[in-house]
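Shown next: work_8.tsv, given as TSV, C-alpha atoms.
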chain	number	residue	atom	x	y	z
A	1	MET	CA	95.44	106.76	90.72
A	2	LYS	CA	91.89	107.78	91.50
A	3	SER	CA	91.13	109.66	94.68
A	4	TRP	CA	89.05	108.33	97.54
A	5	GLN	CA	85.30	108.35	96.86
A	6	GLU	CA	82.57	108.46	99.49
A	7	VAL	CA	80.12	105.65	98.70
A	8	ASP	CA	77.42	104.30	101.05
A	9	ASN	CA	78.90	106.08	104.10
A	10	LYS	CA	82.37	104.66	103.43
A	11	LEU	CA	85.54	106.01	101.84
A	12	HIS	CA	86.52	103.72	98.98
A	13	LYS	CA	89.57	103.41	96.76
A	14	VAL	CA	91.09	100.84	94.40
A	15	PHE	CA	94.87	100.54	94.22
A	16	LYS	CA	96.57	98.70	91.34
A	17	PHE	CA	100.12	97.40	91.39
A	18	LYS	CA	102.61	95.66	89.10
A	19	ASP	CA	101.93	92.21	90.58
A	20	PHE	CA	100.69	90.29	93.62
A	21	SER	CA	103.93	90.75	95.52
A	22	GLU	CA	103.72	94.55	95.27
A	23	ALA	CA	100.04	94.50	96.27
A	24	PHE	CA	100.73	92.28	99.26
A	25	SER	CA	103.65	94.46	100.36
A	26	PHE	CA	101.33	97.48	100.27
A	27	MET	CA	98.73	95.59	102.31
A	28	THR	CA	101.37	94.79	104.93
A	29	ARG	CA	102.31	98.46	105.24
A	30	VAL	CA	98.61	99.43	105.49
A	31	ALA	CA	98.07	96.76	108.16
A	32	LEU	CA	100.89	98.15	110.31
A	33	LEU	CA	99.61	101.70	109.83
A	34	ALA	CA	96.03	100.69	110.68
A	35	GLU	CA	97.14	98.84	113.80
A	36	SER	CA	99.17	101.81	115.04
A	37	ASN	CA	96.09	104.03	114.50
A	38	GLN	CA	93.69	101.51	116.06
A	39	HIS	CA	91.53	101.91	112.95
A	40	HIS	CA	91.15	98.92	110.65
A	41	PRO	CA	89.94	98.89	107.05
A	42	THR	CA	87.66	96.53	105.24
A	43	TRP	CA	89.59	95.37	102.21
A	44	LYS	CA	89.84	92.92	99.37
A	45	ASN	CA	92.82	91.73	97.37
A	46	GLU	CA	92.78	90.15	93.92
A	47	TRP	CA	96.21	89.53	92.37
A	48	ASN	CA	97.54	93.07	91.70
A	49	LYS	CA	94.52	94.99	93.01
A	50	VAL	CA	93.75	96.11	96.57
A	51	GLU	CA	90.34	97.60	97.31
A	52	ILE	CA	89.86	99.45	100.62
A	53	TRP	CA	86.76	100.76	102.42
A	54	LEU	CA	87.04	102.98	105.49
A	55	SER	CA	84.31	103.90	107.98
A	56	THR	CA	84.19	104.41	111.72
A	57	HIS	CA	82.30	101.47	113.17
A	58	ASP	CA	81.86	102.87	116.69
A	59	LYS	CA	80.26	106.03	115.24
A	60	GLY	CA	77.59	104.08	113.35
A	61	ASP	CA	79.57	103.08	110.24
A	62	ILE	CA	79.92	106.59	108.88
A	63	VAL	CA	82.87	108.52	107.49
A	64	THR	CA	84.63	110.57	110.16
A	65	GLU	CA	87.85	112.56	110.39
A	66	LYS	CA	89.51	109.34	111.59
A	67	ASP	CA	88.78	107.80	108.15
A	68	ARG	CA	89.95	110.86	106.25
A	69	SER	CA	93.17	110.92	108.24
A	70	LEU	CA	93.84	107.21	107.65
A	71	SER	CA	93.05	107.53	103.93
A	72	LYS	CA	95.66	110.29	103.61
A	73	ALA	CA	98.20	108.23	105.55
A	74	ILE	CA	97.52	105.25	103.25
A	75	ASP	CA	98.07	107.46	100.19
A	76	ASP	CA	101.34	108.64	101.74
A	77	LEU	CA	102.60	105.04	101.74
A	78	LEU	CA	102.76	105.12	97.95
A	79	PRO	CA	105.89	106.28	96.12
Do you think you could lay out the structure here as structure tokens?
Amino acid sequence: MKSWQEVDNKLHKVFKFKDFSEAFSFMTRVALLAESNQHHPTWKNEWNKVEIWLSTHDKGDIVTEKDRSLSKAIDDLLP
């Protein structure tokens, strides 16, 4: 899987899964992680693909350590 890329002041990554069910399960785990960190992604889901953008809104929509930390924690959710 590709690593996170910084694009337009956001961290961005595309995750691909076997099917919709796997993608949705991943999104649920990310949602719980984001809520516990009080840091919520912008994301999009299309069948087996989940696309995530991270930026810190209260710092002017830029990438901060908070985003880098959450991106690593999201990666750690994968087998």
Inset, instruction - Give the answer as one residue: which of A:Val7, A:Ala23, A:Ala34, A:Ile62 has the shortest atom-to-atom distance to Leu78 (chain A), using all atoms listed in the file? - result: A:Ala23
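Atom to atom, CA of Lys10 (chain A) and CA of Leu54 (chain A) stand 5.4 Å apart.
Distance check against Ser55 (chain A) using all atoms listed in the file: of A:Leu11, A:Lys72, A:Ala31, A:Ser21, the minimum falls on A:Leu11.
For Glu22 (chain A), the non-local neighbours within 12 Å, defined as residues at least 6 positions apart in the same chain or in other chains and counting only C-alpha atoms, are A:Phe15, A:Lys16, A:Thr28, A:Arg29, A:Asn45, A:Glu46, A:Trp47, A:Asn48, A:Lys49, A:Val50, A:Leu78, A:Pro79.
Excluding Lys13 (chain A) itself and same-chain residues fewer than 2 positions from it, the residues having an atom within 9 Å of it are Lys2, Ser3, Trp4, Gln5, Leu11, Phe15, Val50, Glu51, Ile52, Trp53 and Ser71 of chain A, counting all atoms listed in the file.
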Writing out the chosen residues with C-alpha atoms as an mmCIF file, in the frame of the given file:
data_model
loop_
_atom_site.group_PDB
_atom_site.id
_atom_site.type_symbol
_atom_site.label_atom_id
_atom_site.label_comp_id
_atom_site.auth_asym_id
_atom_site.auth_seq_id
_atom_site.Cartn_x
_atom_site.Cartn_y
_atom_site.Cartn_z
ATOM 1 C CA LYS A 2 91.890 107.780 91.500
ATOM 2 C CA SER A 3 91.130 109.660 94.680
ATOM 3 C CA TRP A 4 89.050 108.330 97.540
ATOM 4 C CA GLN A 5 85.300 108.350 96.860
ATOM 5 C CA LEU A 11 85.540 106.010 101.840
ATOM 6 C CA PHE A 15 94.870 100.540 94.220
ATOM 7 C CA VAL A 50 93.750 96.110 96.570
ATOM 8 C CA GLU A 51 90.340 97.600 97.310
ATOM 9 C CA ILE A 52 89.860 99.450 100.620
ATOM 10 C CA TRP A 53 86.760 100.760 102.420
ATOM 11 C CA SER A 71 93.050 107.530 103.930
#
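Between CA of His57 (chain A) and CA of Glu6 (chain A) the separation is 15.4 Å.
The spacing separating CA of Pro41 (chain A) from CA of Lys18 (chain A) amounts to 22.2 Å.
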Inset, instruction - Could you give me, as a PyMOL selection string, the residues that sit within 6 Å of (89.9, 104.8, 111.9) in the file's coordinates, counting only C-alpha atoms? - result: chain A and resi 39+56+66-67
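For the choices A:Asn37, A:Thr42, A:Ile74, A:Val14, the atom-to-atom distance to Asp61 (chain A) is smallest for A:Thr42 when using all atoms listed in the file.
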Have region 24-52 of chain A completed to N, CA and C atoms, please, and pass it along as an mmCIF file, in the coordinates of the input.
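Output saved as selection.cif:
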data_model
loop_
_atom_site.group_PDB
_atom_site.id
_atom_site.type_symbol
_atom_site.label_atom_id
_atom_site.label_comp_id
_atom_site.auth_asym_id
_atom_site.auth_seq_id
_atom_site.Cartn_x
_atom_site.Cartn_y
_atom_site.Cartn_z
ATOM 1 N N PHE A 24 100.671 92.839 97.915
ATOM 2 C CA PHE A 24 100.730 92.280 99.260
ATOM 3 C C PHE A 24 101.662 93.102 100.163
ATOM 4 N N SER A 25 102.750 93.592 99.605
ATOM 5 C CA SER A 25 103.650 94.460 100.360
ATOM 6 C C SER A 25 102.917 95.722 100.815
ATOM 7 N N PHE A 26 102.132 96.310 99.927
ATOM 8 C CA PHE A 26 101.330 97.480 100.270
ATOM 9 C C PHE A 26 100.344 97.146 101.387
ATOM 10 N N MET A 27 99.686 95.994 101.281
ATOM 11 C CA MET A 27 98.730 95.590 102.310
ATOM 12 C C MET A 27 99.408 95.445 103.673
ATOM 13 N N THR A 28 100.623 94.932 103.677
ATOM 14 C CA THR A 28 101.370 94.790 104.930
ATOM 15 C C THR A 28 101.643 96.155 105.550
ATOM 16 N N ARG A 29 102.055 97.113 104.728
ATOM 17 C CA ARG A 29 102.310 98.460 105.240
ATOM 18 C C ARG A 29 101.018 99.107 105.757
ATOM 19 N N VAL A 30 99.910 98.894 105.041
ATOM 20 C CA VAL A 30 98.610 99.430 105.490
ATOM 21 C C VAL A 30 98.210 98.773 106.810
ATOM 22 N N ALA A 31 98.434 97.473 106.934
ATOM 23 C CA ALA A 31 98.070 96.760 108.160
ATOM 24 C C ALA A 31 98.814 97.332 109.372
ATOM 25 N N LEU A 32 100.106 97.588 109.216
ATOM 26 C CA LEU A 32 100.890 98.150 110.310
ATOM 27 C C LEU A 32 100.425 99.569 110.654
ATOM 28 N N LEU A 33 100.128 100.344 109.628
ATOM 29 C CA LEU A 33 99.610 101.700 109.830
ATOM 30 C C LEU A 33 98.255 101.666 110.534
ATOM 31 N N ALA A 34 97.368 100.805 110.084
ATOM 32 C CA ALA A 34 96.030 100.690 110.680
ATOM 33 C C ALA A 34 96.121 100.270 112.143
ATOM 34 N N GLU A 35 96.987 99.315 112.422
ATOM 35 C CA GLU A 35 97.140 98.840 113.800
ATOM 36 C C GLU A 35 97.655 99.960 114.696
ATOM 37 N N SER A 36 98.624 100.725 114.212
ATOM 38 C CA SER A 36 99.170 101.810 115.040
ATOM 39 C C SER A 36 98.140 102.916 115.260
ATOM 40 N N ASN A 37 97.161 103.030 114.354
ATOM 41 C CA ASN A 37 96.090 104.030 114.500
ATOM 42 C C ASN A 37 94.840 103.464 115.159
ATOM 43 N N GLN A 38 94.864 102.171 115.477
ATOM 44 C CA GLN A 38 93.690 101.510 116.060
ATOM 45 C C GLN A 38 92.447 101.758 115.203
ATOM 46 N N HIS A 39 92.632 101.663 113.890
ATOM 47 C CA HIS A 39 91.530 101.910 112.950
ATOM 48 C C HIS A 39 91.757 100.996 111.743
ATOM 49 N N HIS A 40 90.897 100.011 111.585
ATOM 50 C CA HIS A 40 91.150 98.920 110.650
ATOM 51 C C HIS A 40 90.195 98.960 109.454
ATOM 52 N N PRO A 41 90.755 98.816 108.251
ATOM 53 C CA PRO A 41 89.940 98.890 107.050
ATOM 54 C C PRO A 41 89.214 97.574 106.754
ATOM 55 N N THR A 42 88.223 97.694 105.914
ATOM 56 C CA THR A 42 87.660 96.530 105.240
ATOM 57 C C THR A 42 88.355 96.528 103.892
ATOM 58 N N TRP A 43 88.868 95.369 103.474
ATOM 59 C CA TRP A 43 89.590 95.370 102.210
ATOM 60 C C TRP A 43 89.486 94.042 101.493
ATOM 61 N N LYS A 44 89.897 94.085 100.240
ATOM 62 C CA LYS A 44 89.840 92.920 99.370
ATOM 63 C C LYS A 44 91.082 92.962 98.479
ATOM 64 N N ASN A 45 91.663 91.810 98.243
ATOM 65 C CA ASN A 45 92.820 91.730 97.370
ATOM 66 C C ASN A 45 92.557 90.688 96.286
ATOM 67 N N GLU A 46 92.860 91.075 95.058
ATOM 68 C CA GLU A 46 92.780 90.150 93.920
ATOM 69 C C GLU A 46 93.995 90.406 93.049
ATOM 70 N N TRP A 47 94.932 89.484 93.073
ATOM 71 C CA TRP A 47 96.210 89.530 92.370
ATOM 72 C C TRP A 47 96.917 90.868 92.553
ATOM 73 N N ASN A 48 96.804 91.810 91.611
ATOM 74 C CA ASN A 48 97.540 93.070 91.700
ATOM 75 C C ASN A 48 96.671 94.242 92.167
ATOM 76 N N LYS A 49 95.476 93.945 92.638
ATOM 77 C CA LYS A 49 94.520 94.990 93.010
ATOM 78 C C LYS A 49 94.160 94.876 94.486
ATOM 79 N N VAL A 50 94.179 96.031 95.173
ATOM 80 C CA VAL A 50 93.750 96.110 96.570
ATOM 81 C C VAL A 50 92.626 97.129 96.636
ATOM 82 N N GLU A 51 91.506 96.718 97.185
ATOM 83 C CA GLU A 51 90.340 97.600 97.310
ATOM 84 C C GLU A 51 90.115 97.830 98.801
ATOM 85 N N ILE A 52 89.985 99.103 99.193
ATOM 86 C CA ILE A 52 89.860 99.450 100.620
ATOM 87 C C ILE A 52 88.610 100.299 100.846
#
